[in-house]
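K.L.:
Structure supplied as run-v3.pdb; contents: PDB, C-alpha atoms.
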```
ATOM      1  CA  MET A   1     -89.807 -13.698  47.213
ATOM      2  CA  VAL A   2     -92.704 -14.665  49.427
ATOM      3  CA  GLY A   3     -95.542 -12.173  49.730
ATOM      4  CA  GLY A   4     -93.774  -8.825  49.707
ATOM      5  CA  THR A   5     -91.063  -7.037  47.792
ATOM      6  CA  CYS A   6     -87.625  -8.426  46.929
ATOM      7  CA  ILE A   7     -84.814  -5.858  47.270
ATOM      8  CA  GLU A   8     -81.262  -6.736  46.218
ATOM      9  CA  ASP A   9     -78.661  -4.062  46.900
ATOM     10  CA  GLY A  10     -75.343  -4.169  45.057
ATOM     11  CA  PHE A  11     -76.697  -5.931  41.970
ATOM     12  CA  ASP A  12     -73.651  -6.960  39.872
ATOM     13  CA  PRO A  13     -71.498  -3.888  40.636
ATOM     14  CA  HIS A  14     -69.256  -4.329  37.569
ATOM     15  CA  LEU A  15     -72.235  -4.383  35.193
ATOM     16  CA  VAL A  16     -74.098  -1.527  36.881
ATOM     17  CA  THR A  17     -70.963   0.643  36.814
ATOM     18  CA  ALA A  18     -70.447  -0.092  33.101
ATOM     19  CA  LEU A  19     -74.070   0.831  32.356
ATOM     20  CA  ARG A  20     -73.800   4.060  34.319
ATOM     21  CA  THR A  21     -70.495   4.944  32.652
ATOM     22  CA  HIS A  22     -72.068   4.569  29.217
ATOM     23  CA  TYR A  23     -75.017   6.727  30.323
ATOM     24  CA  ASN A  24     -72.621   9.411  31.569
ATOM     25  CA  ASP A  25     -70.686   9.347  28.295
ATOM     26  CA  ARG A  26     -73.888   9.865  26.296
ATOM     27  CA  PHE A  27     -74.783  12.979  28.313
ATOM     28  CA  SER A  28     -71.274  14.309  28.945
ATOM     29  CA  ASN A  29     -71.464  16.999  26.242
ATOM     30  CA  PRO A  30     -74.894  18.689  26.123
ATOM     31  CA  LEU A  31     -73.902  20.556  22.948
ATOM     32  CA  GLU A  32     -73.573  17.373  20.886
ATOM     33  CA  THR A  33     -76.203  16.885  18.184
ATOM     34  CA  THR A  34     -75.586  13.246  17.237
ATOM     35  CA  SER A  35     -78.537  11.019  16.402
ATOM     36  CA  GLU A  36     -77.924   9.029  19.602
ATOM     37  CA  ARG A  37     -79.269  11.968  21.607
ATOM     38  CA  PHE A  38     -82.661  11.914  19.870
ATOM     39  CA  ILE A  39     -83.966   8.498  20.940
ATOM     40  CA  TRP A  40     -85.907   9.623  24.001
ATOM     41  CA  ASP A  41     -89.706   9.637  24.299
ATOM     42  CA  TYR A  42     -91.199  12.228  26.635
ATOM     43  CA  TRP A  43     -94.052  10.165  28.055
ATOM     44  CA  HIS A  44     -96.585  12.534  29.553
ATOM     45  CA  VAL A  45    -100.127  11.578  30.517
ATOM     46  CA  PRO A  46    -101.583  14.416  32.643
ATOM     47  CA  GLY A  47    -102.077  13.360  36.237
ATOM     48  CA  GLN A  48    -100.729   9.842  35.622
ATOM     49  CA  TYR A  49     -97.232   9.649  34.042
ATOM     50  CA  SER A  50     -94.438  12.074  33.244
ATOM     51  CA  LEU A  51     -90.904  10.865  32.438
ATOM     52  CA  MET A  52     -88.299  10.364  29.722
ATOM     53  CA  ARG A  53     -87.922   6.806  28.414
ATOM     54  CA  THR A  54     -86.252   4.784  25.672
ATOM     55  CA  PRO A  55     -85.798   1.076  24.887
ATOM     56  CA  ALA A  56     -82.592   0.027  26.646
ATOM     57  CA  ASP A  57     -81.381  -1.914  23.611
ATOM     58  CA  ALA A  58     -81.499   1.326  21.595
ATOM     59  CA  PHE A  59     -79.349   3.157  24.147
ATOM     60  CA  PHE A  60     -76.650   0.677  25.168
ATOM     61  CA  PRO A  61     -74.217  -1.080  22.811
ATOM     62  CA  PRO A  62     -75.277  -4.652  21.908
ATOM     63  CA  ASP A  63     -72.674  -6.446  24.033
ATOM     64  CA  LEU A  64     -73.513  -4.402  27.130
ATOM     65  CA  TYR A  65     -77.267  -4.817  26.628
ATOM     66  CA  MET A  66     -76.853  -8.583  26.162
ATOM     67  CA  GLU A  67     -74.890  -8.769  29.417
ATOM     68  CA  LEU A  68     -77.618  -6.777  31.189
ATOM     69  CA  GLU A  69     -80.336  -9.050  29.835
ATOM     70  CA  SER A  70     -78.346 -12.149  30.783
ATOM     71  CA  LYS A  71     -77.786 -10.978  34.370
ATOM     72  CA  ILE A  72     -81.434 -10.076  34.876
ATOM     73  CA  LEU A  73     -82.455 -13.457  33.479
ATOM     74  CA  ASP A  74     -79.967 -15.238  35.769
ATOM     75  CA  PHE A  75     -81.392 -13.380  38.756
ATOM     76  CA  GLY A  76     -84.933 -14.296  37.765
ATOM     77  CA  GLN A  77     -84.109 -17.948  37.218
ATOM     78  CA  GLU A  78     -82.285 -18.313  40.524
ATOM     79  CA  ARG A  79     -84.550 -16.212  42.755
ATOM     80  CA  LEU A  80     -87.953 -16.379  41.070
ATOM     81  CA  GLY A  81     -87.906 -19.407  38.802
ATOM     82  CA  CYS A  82     -88.529 -17.181  35.757
ATOM     83  CA  ARG A  83     -86.491 -17.480  32.558
ATOM     84  CA  GLY A  84     -88.186 -14.845  30.402
ATOM     85  CA  ILE A  85     -88.372 -11.040  30.506
ATOM     86  CA  SER A  86     -90.018  -8.285  28.515
ATOM     87  CA  PRO A  87     -87.885  -5.814  26.551
ATOM     88  CA  ILE A  88     -86.079  -3.593  29.066
ATOM     89  CA  TRP A  89     -86.823   0.141  29.327
ATOM     90  CA  LEU A  90     -84.407   2.874  30.406
ATOM     91  CA  SER A  91     -86.022   5.944  32.006
ATOM     92  CA  TYR A  92     -84.857   9.118  33.658
ATOM     93  CA  TYR A  93     -86.806  11.509  35.882
ATOM     94  CA  VAL A  94     -85.951  15.176  36.475
ATOM     95  CA  SER A  95     -87.962  17.770  38.388
ATOM     96  CA  GLY A  96     -91.697  17.319  37.915
ATOM     97  CA  HIS A  97     -91.468  13.744  36.664
ATOM     98  CA  PHE A  98     -93.482  11.022  38.396
ATOM     99  CA  GLN A  99     -95.720   7.998  38.005
ATOM    100  CA  GLU A 100     -99.040   7.955  39.795
ATOM    101  CA  PHE A 101    -100.512   4.720  41.167
ATOM    102  CA  HIS A 102    -101.285   2.110  38.510
ATOM    103  CA  THR A 103    -101.028  -1.655  37.976
ATOM    104  CA  ASP A 104     -99.214  -3.704  35.312
ATOM    105  CA  ALA A 105    -100.859  -7.097  35.793
ATOM    106  CA  PRO A 106    -101.065  -8.054  32.086
ATOM    107  CA  HIS A 107     -97.294  -7.778  31.555
ATOM    108  CA  GLY A 108     -96.136 -10.633  33.800
ATOM    109  CA  PRO A 109     -96.121 -11.920  37.399
ATOM    110  CA  PHE A 110     -93.146  -9.822  38.583
ATOM    111  CA  ALA A 111     -91.944  -6.294  37.816
ATOM    112  CA  PHE A 112     -88.310  -5.271  38.240
ATOM    113  CA  VAL A 113     -86.551  -1.911  38.661
ATOM    114  CA  LEU A 114     -82.746  -1.573  38.610
ATOM    115  CA  SER A 115     -81.442   1.834  39.660
ATOM    116  CA  LEU A 116     -78.518   3.574  37.957
ATOM    117  CA  SER A 117     -79.176   6.792  39.888
ATOM    118  CA  ASP A 118     -76.248   8.601  41.506
ATOM    119  CA  TYR A 119     -78.116   8.164  44.775
ATOM    120  CA  HIS A 120     -76.229   6.707  47.732
ATOM    121  CA  LYS A 121     -76.955   6.082  51.385
ATOM    122  CA  GLU A 122     -73.733   7.722  52.578
ATOM    123  CA  THR A 123     -73.847  10.997  50.603
ATOM    124  CA  PRO A 124     -76.340  13.848  50.047
ATOM    125  CA  HIS A 125     -78.977  12.930  47.494
ATOM    126  CA  PRO A 126     -79.112  14.896  44.228
ATOM    127  CA  PHE A 127     -82.932  15.099  44.292
ATOM    128  CA  THR A 128     -85.939  14.564  46.498
ATOM    129  CA  GLY A 129     -88.652  12.065  45.652
ATOM    130  CA  GLY A 130     -88.032   9.343  43.085
ATOM    131  CA  GLU A 131     -88.962   6.491  45.415
ATOM    132  CA  THR A 132     -90.836   3.483  44.096
ATOM    133  CA  LYS A 133     -94.126   3.518  45.998
ATOM    134  CA  ILE A 134     -96.231   0.385  46.472
ATOM    135  CA  LEU A 135     -99.581   0.219  48.249
ATOM    136  CA  ARG A 136     -99.324  -2.061  51.276
ATOM    137  CA  ASP A 137    -101.330  -5.280  51.592
ATOM    138  CA  ASP A 138    -103.151  -4.047  54.708
ATOM    139  CA  ILE A 139    -104.535  -1.123  52.701
ATOM    140  CA  LEU A 140    -105.541  -3.321  49.772
ATOM    141  CA  ASP A 141    -107.521  -5.400  52.290
ATOM    142  CA  TYR A 142    -108.285  -2.467  54.554
ATOM    143  CA  TRP A 143    -111.487  -3.419  56.342
ATOM    144  CA  ARG A 144    -110.450  -6.986  57.044
ATOM    145  CA  CYS A 145    -107.257  -5.643  58.653
ATOM    146  CA  HIS A 146    -108.797  -2.508  60.192
ATOM    147  CA  ASP A 147    -107.993  -1.779  63.829
ATOM    148  CA  SER A 148    -110.138   1.078  65.147
ATOM    149  CA  SER A 149    -107.822   1.534  68.141
ATOM    150  CA  THR A 150    -104.798   2.413  66.000
ATOM    151  CA  GLY A 151    -104.209   5.343  63.667
ATOM    152  CA  ILE A 152    -102.172   5.009  60.498
ATOM    153  CA  GLU A 153     -99.872   7.364  58.601
ATOM    154  CA  LEU A 154     -98.174   7.373  55.189
ATOM    155  CA  PRO A 155     -95.513   4.698  55.968
ATOM    156  CA  ASP A 156     -98.351   2.383  57.039
ATOM    157  CA  ILE A 157    -100.154   2.987  53.749
ATOM    158  CA  VAL A 158     -97.357   2.999  51.174
ATOM    159  CA  GLU A 159     -94.074   1.081  50.990
ATOM    160  CA  SER A 160     -91.437   3.572  49.841
ATOM    161  CA  ILE A 161     -88.227   2.261  48.224
ATOM    162  CA  PRO A 162     -85.387   4.733  47.564
ATOM    163  CA  PRO A 163     -83.537   4.390  44.210
ATOM    164  CA  TYR A 164     -80.095   3.604  45.607
ATOM    165  CA  PHE A 165     -77.417   2.989  43.005
ATOM    166  CA  GLY A 166     -77.305  -0.702  42.073
ATOM    167  CA  ARG A 167     -80.550  -1.555  43.876
ATOM    168  CA  MET A 168     -82.689  -4.235  42.195
ATOM    169  CA  THR A 169     -86.328  -4.172  43.280
ATOM    170  CA  VAL A 170     -88.808  -6.892  42.309
ATOM    171  CA  PHE A 171     -92.495  -6.746  43.208
ATOM    172  CA  ASP A 172     -95.956  -7.978  42.318
ATOM    173  CA  PRO A 173     -97.195  -5.616  39.558
ATOM    174  CA  ARG A 174    -100.823  -6.340  40.440
ATOM    175  CA  LYS A 175    -100.300  -4.050  43.433
ATOM    176  CA  PRO A 176    -100.934  -0.353  42.788
ATOM    177  CA  HIS A 177     -97.504   1.262  42.484
ATOM    178  CA  GLY A 178     -95.821   4.365  41.117
ATOM    179  CA  VAL A 179     -92.920   6.798  41.534
ATOM    180  CA  THR A 180     -93.015   9.836  43.828
ATOM    181  CA  MET A 181     -92.460  13.158  42.076
ATOM    182  CA  VAL A 182     -88.809  14.106  41.609
ATOM    183  CA  ASP A 183     -87.724  17.615  42.566
ATOM    184  CA  GLY A 184     -84.517  19.629  42.677
ATOM    185  CA  VAL A 185     -82.785  18.453  39.502
ATOM    186  CA  LYS A 186     -82.796  19.365  35.799
ATOM    187  CA  ASN A 187     -79.603  17.681  34.583
ATOM    188  CA  PRO A 188     -80.132  14.117  33.238
ATOM    189  CA  LEU A 189     -76.816  13.159  34.852
ATOM    190  CA  ASP A 190     -78.306  13.883  38.279
ATOM    191  CA  ALA A 191     -81.722  12.375  37.533
ATOM    192  CA  ARG A 192     -83.491   9.304  38.851
ATOM    193  CA  ILE A 193     -82.234   6.765  36.294
ATOM    194  CA  VAL A 194     -83.706   3.256  36.199
ATOM    195  CA  LEU A 195     -83.891   0.156  34.038
ATOM    196  CA  HIS A 196     -87.234  -1.585  34.317
ATOM    197  CA  GLY A 197     -89.441  -4.277  32.872
ATOM    198  CA  TRP A 198     -91.275  -7.462  33.759
ATOM    199  CA  TYR A 199     -90.511 -11.125  34.206
ATOM    200  CA  THR A 200     -92.904 -12.815  31.813
ATOM    201  CA  GLU A 201     -95.096 -15.868  32.317
ATOM    202  CA  PRO A 202     -92.941 -18.591  33.885
ATOM    203  CA  SER A 203     -92.837 -22.192  32.634
ATOM    204  CA  ALA A 204     -91.535 -25.440  34.106
ATOM    205  CA  TYR A 205     -87.903 -26.341  33.464
ATOM    206  CA  PHE A 206     -85.467 -29.076  34.464
ATOM    207  CA  GLU A 207     -81.853 -28.981  35.649
ATOM    208  CA  GLY A 208     -79.451 -31.844  36.275
ATOM    209  CA  HIS A 209     -79.143 -35.369  34.886
ATOM    210  CA  ILE A 210     -82.763 -36.069  34.107
ATOM    211  CA  ASP A 211     -84.513 -37.054  30.891
ATOM    212  CA  GLU A 212     -86.928 -34.184  30.272
ATOM    213  CA  THR A 213     -89.360 -36.129  28.098
ATOM    214  CA  THR A 214     -89.872 -38.897  30.659
ATOM    215  CA  ALA A 215     -89.928 -36.426  33.549
ATOM    216  CA  THR A 216     -92.535 -34.303  31.758
ATOM    217  CA  ASP A 217     -94.814 -37.313  31.436
ATOM    218  CA  VAL A 218     -94.538 -37.974  35.183
ATOM    219  CA  LEU A 219     -95.126 -34.315  35.995
ATOM    220  CA  ASN A 220     -98.125 -33.970  33.681
ATOM    221  CA  HIS A 221     -99.763 -37.071  35.144
ATOM    222  CA  THR A 222     -99.438 -35.622  38.650
ATOM    223  CA  LEU A 223    -100.491 -32.118  37.664
ATOM    224  CA  GLU A 224    -103.725 -33.339  36.104
ATOM    225  CA  ALA A 225    -104.980 -34.563  39.471
ATOM    226  CA  LEU A 226    -103.455 -31.591  41.320
ATOM    227  CA  TYR A 227    -105.158 -29.002  39.112
ATOM    228  CA  GLU A 228    -108.498 -30.753  39.515
ATOM    229  CA  GLU A 229    -108.275 -30.568  43.301
ATOM    230  CA  LEU A 230    -106.951 -27.000  43.317
ATOM    231  CA  GLY A 231    -109.857 -26.005  41.087
ATOM    232  CA  GLN A 232    -112.251 -27.233  43.746
ATOM    233  CA  LEU A 233    -110.488 -25.155  46.385
ATOM    234  CA  SER A 234    -110.696 -21.989  44.175
ATOM    235  CA  MET A 235    -109.699 -19.576  46.896
ATOM    236  CA  ALA A 236    -106.707 -17.615  45.687
ATOM    237  CA  CYS A 237    -105.176 -15.756  42.766
ATOM    238  CA  GLY A 238    -101.527 -15.158  41.983
ATOM    239  CA  THR A 239     -98.362 -17.097  41.275
ATOM    240  CA  LEU A 240     -96.730 -19.899  43.264
ATOM    241  CA  ILE A 241     -93.305 -21.032  42.027
ATOM    242  CA  LEU A 242     -91.731 -24.173  43.494
ATOM    243  CA  ARG A 243     -88.299 -25.742  43.184
ATOM    244  CA  ILE A 244     -88.488 -29.520  43.537
ATOM    245  CA  HIS A 245     -85.272 -31.332  44.478
ATOM    246  CA  ILE A 246     -84.957 -34.890  43.154
ATOM    247  CA  THR A 247     -82.544 -37.503  44.552
ATOM    248  CA  HIS A 248     -80.387 -39.727  42.328
ATOM    249  CA  GLN A 249     -82.984 -42.449  42.947
ATOM    250  CA  GLY A 250     -85.726 -40.266  41.476
ATOM    251  CA  THR A 251     -87.634 -39.546  44.685
ATOM    252  CA  VAL A 252     -88.692 -36.073  45.796
ATOM    253  CA  GLU A 253     -86.258 -34.921  48.473
ATOM    254  CA  SER A 254     -87.706 -31.474  49.191
ATOM    255  CA  ILE A 255     -89.934 -28.748  47.791
ATOM    256  CA  ASN A 256     -88.985 -25.092  48.269
ATOM    257  CA  VAL A 257     -91.150 -22.055  47.613
ATOM    258  CA  LEU A 258     -89.209 -19.612  45.415
ATOM    259  CA  ALA A 259     -91.977 -17.070  44.949
ATOM    260  CA  ASN A 260     -95.477 -16.722  46.306
ATOM    261  CA  THR A 261     -97.814 -13.853  45.405
ATOM    262  CA  LEU A 262    -101.073 -15.657  46.211
ATOM    263  CA  LYS A 263    -103.893 -13.535  47.579
ATOM    264  CA  CYS A 264    -107.216 -14.746  48.954
ATOM    265  CA  ARG A 265    -110.339 -13.701  47.045
ATOM    266  CA  HIS A 266    -112.875 -15.057  49.529
ATOM    267  CA  PRO A 267    -113.884 -13.984  53.063
ATOM    268  CA  GLN A 268    -111.444 -16.222  54.891
ATOM    269  CA  SER A 269    -107.938 -15.643  56.125
ATOM    270  CA  LEU A 270    -105.081 -15.883  53.668
ATOM    271  CA  ASP A 271    -103.246 -18.072  56.184
ATOM    272  CA  ASP A 272    -106.019 -20.670  56.087
ATOM    273  CA  ALA A 273    -106.145 -20.546  52.300
ATOM    274  CA  MET A 274    -102.371 -20.955  52.034
ATOM    275  CA  VAL A 275    -102.363 -23.951  54.379
ATOM    276  CA  SER A 276    -105.020 -25.642  52.250
ATOM    277  CA  ILE A 277    -103.222 -24.892  48.979
ATOM    278  CA  LEU A 278     -99.726 -25.854  50.139
ATOM    279  CA  THR A 279    -101.015 -29.029  51.796
ATOM    280  CA  CYS A 280    -102.768 -30.026  48.584
ATOM    281  CA  VAL A 281     -99.677 -29.251  46.476
ATOM    282  CA  SER A 282     -97.329 -31.143  48.794
ATOM    283  CA  GLU A 283     -99.539 -34.217  48.987
ATOM    284  CA  HIS A 284     -99.544 -34.543  45.205
ATOM    285  CA  LEU A 285     -95.952 -33.614  44.394
ATOM    286  CA  GLU A 286     -94.151 -35.471  47.184
ATOM    287  CA  THR A 287     -95.362 -38.843  45.874
ATOM    288  CA  MET A 288     -93.877 -38.389  42.393
ATOM    289  CA  SER A 289     -91.204 -40.840  41.259
ATOM    290  CA  PHE A 290     -88.724 -39.910  38.531
ATOM    291  CA  SER A 291     -86.655 -43.092  38.754
ATOM    292  CA  ALA A 292     -87.255 -43.869  35.080
ATOM    293  CA  ALA A 293     -86.169 -40.339  34.117
ATOM    294  CA  MET A 294     -82.814 -40.252  35.924
ATOM    295  CA  THR A 295     -79.783 -40.789  33.679
ATOM    296  CA  PRO A 296     -77.109 -43.338  34.723
ATOM    297  CA  GLU A 297     -74.654 -40.636  35.840
ATOM    298  CA  ALA A 298     -77.311 -38.765  37.817
ATOM    299  CA  LEU A 299     -76.471 -37.347  41.227
ATOM    300  CA  SER A 300     -79.557 -35.196  41.600
ATOM    301  CA  ALA A 301     -81.873 -32.930  39.643
ATOM    302  CA  THR A 302     -84.247 -30.056  40.165
ATOM    303  CA  ILE A 303     -87.578 -29.119  38.624
ATOM    304  CA  THR A 304     -88.788 -25.532  38.804
ATOM    305  CA  LEU A 305     -92.566 -25.556  38.629
ATOM    306  CA  PRO A 306     -94.858 -22.511  38.387
ATOM    307  CA  LEU A 307     -98.485 -22.772  39.418
ATOM    308  CA  ILE A 308    -100.712 -19.929  38.209
ATOM    309  CA  PHE A 309    -103.961 -19.277  40.084
ATOM    310  CA  GLU A 310    -106.554 -17.226  38.221
ATOM    311  CA  SER A 311    -109.737 -17.832  40.203
TER     312      SER A 311
END
```
Output the structure of this file as structure tokens.

P.N.:
Amino acid sequence: MVGGTCIEDGFDPHLVTALRTHYNDRFSNPLETTSERFIWDYWHVPGQYSLMRTPADAFFPPDLYMELESKILDFGQERLGCRGISPIWLSYYVSGHFQEFHTDAPHGPFAFVLSLSDYHKETPHPFTGGETKILRDDILDYWRCHDSSTGIELPDIVESIPPYFGRMTVFDPRKPHGVTMVDGVKNPLDARIVLHGWYTEPSAYFEGHIDETTATDVLNHTLEALYEELGQLSMACGTLILRIHITHQGTVESINVLANTLKCRHPQSLDDAMVSILTCVSEHLETMSFSAAMTPEALSATITLPLIFES
């Protein structure tokens, strides 16, 4: 995930189907009066939020919730380098429900939304609205990007993401975002149904045949000098997550960017800022040697390293 939004269609079809089946079972008989039907919070803040929500672990059976949590964590570790999440919410939206633009920056560096809605590309949609809406970067930096010779319309201002069944959407929660108002549906079975939460603050972790204590010492020694130089640059804010590949000899083979939400806070181009930052990072990290940390049976190892910029 570099810069924009990460959209994964067909997220674990077996799991998503099981979650949706359990949801359907809970709402199959509207005349039931079991305690399980009374766990929903009607969250209504005039002009800002209106929806039904409940903690997902209160709605789904423990084994199914644990599988959900595990799959979302696996996705975050592989694609974003994040191994922690907030408690997961389950929400549904019927006619009149919406979320107006807001930000969630304090919750974590990435927000996620997994749709259980009966909303498919190939068939008529049960409702209108319900898209995740995210303000585009060009609007957040409007005057720097302004072109007086070109007009703009709604698709140029807002990224709109339909809630297709099984779609996993991950985005930078610092960006103003919301949900367009749902219309045309009253039945919770036909609603916009989503699981959502945040990937929490990432931390470095090691994989492969490498002694973590020794490797941590090497990493900390390098990071001390790196942070000092990055502090002098002081030109961006956001999260940069790297995956460092180590050979069996302990040398750095390659460095891949897993996620990059850096934004420039000074009157210079983001491209120039990114070149300076990535050059600085590469110069420091590529010289690291983990030869003393590699175990005898080692073939290779990886280090996932988050760098948080808060200038």

K.L.:
Identify the residues around (-97.9, 1.5, 46.7) within a radius of 12 Å, measuring from all atoms listed in the file in the coordinates stated by the file, and give them as a PyMOL selection string.

P.N.:
chain A and resi 4-5+99-103+131-140+154-161+171-180

K.L.:
Write the residues you've just listed into a file as a compact mmCIF listing (two decimals), keeping the file's coordinate frame, and include C-alpha atoms for each of them.

P.N.:
```txt
# COMPACT_ATOMS: atom_id res chain seq x y z
CA GLY A 4 -93.77 -8.82 49.71
CA THR A 5 -91.06 -7.04 47.79
CA GLN A 99 -95.72 8.00 38.01
CA GLU A 100 -99.04 7.96 39.80
CA PHE A 101 -100.51 4.72 41.17
CA HIS A 102 -101.28 2.11 38.51
CA THR A 103 -101.03 -1.66 37.98
CA GLU A 131 -88.96 6.49 45.42
CA THR A 132 -90.84 3.48 44.10
CA LYS A 133 -94.13 3.52 46.00
CA ILE A 134 -96.23 0.38 46.47
CA LEU A 135 -99.58 0.22 48.25
CA ARG A 136 -99.32 -2.06 51.28
CA ASP A 137 -101.33 -5.28 51.59
CA ASP A 138 -103.15 -4.05 54.71
CA ILE A 139 -104.54 -1.12 52.70
CA LEU A 140 -105.54 -3.32 49.77
CA LEU A 154 -98.17 7.37 55.19
CA PRO A 155 -95.51 4.70 55.97
CA ASP A 156 -98.35 2.38 57.04
CA ILE A 157 -100.15 2.99 53.75
CA VAL A 158 -97.36 3.00 51.17
CA GLU A 159 -94.07 1.08 50.99
CA SER A 160 -91.44 3.57 49.84
CA ILE A 161 -88.23 2.26 48.22
CA PHE A 171 -92.50 -6.75 43.21
CA ASP A 172 -95.96 -7.98 42.32
CA PRO A 173 -97.20 -5.62 39.56
CA ARG A 174 -100.82 -6.34 40.44
CA LYS A 175 -100.30 -4.05 43.43
CA PRO A 176 -100.93 -0.35 42.79
CA HIS A 177 -97.50 1.26 42.48
CA GLY A 178 -95.82 4.36 41.12
CA VAL A 179 -92.92 6.80 41.53
CA THR A 180 -93.02 9.84 43.83
```

K.L.:
Which residue gives the smallest distance to Arg26 in chain A among A:Ile39, A:Met288, A:Leu262, A:Val113, with all atoms listed in the file counted?

P.N.:
A:Ile39

K.L.:
Kindly indicate which residue among A:Ser91, A:Ser115, A:Ser291, A:Gln77 lies nearest to Tyr42 in chain A, using all atoms listed in the file for the distances.

P.N.:
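Of A:Ser91, A:Ser115, A:Ser291, A:Gln77, the one nearest Tyr42 in chain A, counting all atoms listed in the file, is A:Ser91.
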
K.L.:
Identify, on the basis of all atoms listed in the file, every residue whose closest approach to range 62-64 of chain A does not exceed 9 Å; exclude the query and any residue fewer than 4 positions from it along the same chain; express the result as a PyMOL selection string.

P.N.:
chain A and resi 15+18-19+57-58+68-69

K.L.:
Create the file for the chosen residues now, containing C-alpha atoms and written as an mmCIF file, keeping the file's coordinate frame.

P.N.:
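Printed below is again.cif as written:
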```cif
data_model
loop_
_atom_site.group_PDB
_atom_site.id
_atom_site.type_symbol
_atom_site.label_atom_id
_atom_site.label_comp_id
_atom_site.auth_asym_id
_atom_site.auth_seq_id
_atom_site.Cartn_x
_atom_site.Cartn_y
_atom_site.Cartn_z
ATOM 1 C CA LEU A 15 -72.235 -4.383 35.193
ATOM 2 C CA ALA A 18 -70.447 -0.092 33.101
ATOM 3 C CA LEU A 19 -74.070 0.831 32.356
ATOM 4 C CA ASP A 57 -81.381 -1.914 23.611
ATOM 5 C CA ALA A 58 -81.499 1.326 21.595
ATOM 6 C CA LEU A 68 -77.618 -6.777 31.189
ATOM 7 C CA GLU A 69 -80.336 -9.050 29.835
#
```

K.L.:
Evaluate the PyMOL selection byres ((chain A and resi 282) around 12) against this structure - the residues, as a ChimeraX atom specification, please.

P.N.:
/A:222-223,226,230,242-244,252-257,274-281,283-288

K.L.:
Could you tell me which residues the PyMOL selection byres ((chain A and resi 84) around 6) grabs in this file, written as a PyMOL selection string?

P.N.:
chain A and resi 82-83+85+199-200

K.L.:
Would you kindly translate the PyMOL selection byres ((chain A and resi 163) around 9) into the concrete residues it picks from this file, as a list of chain:residue names?

P.N.:
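Expected selection for the PyMOL selection byres ((chain A and resi 163) around 9) here is A:Val113, A:Leu114, A:Ser115, A:Leu116, A:Ser117, A:Asp118, A:Tyr119, A:His120, A:Gly130, A:Glu131, A:Thr132, A:Ile161, A:Pro162, A:Tyr164, A:Phe165, A:Gly166, A:Arg167, A:Met168, A:Arg192, A:Ile193, A:Val194.
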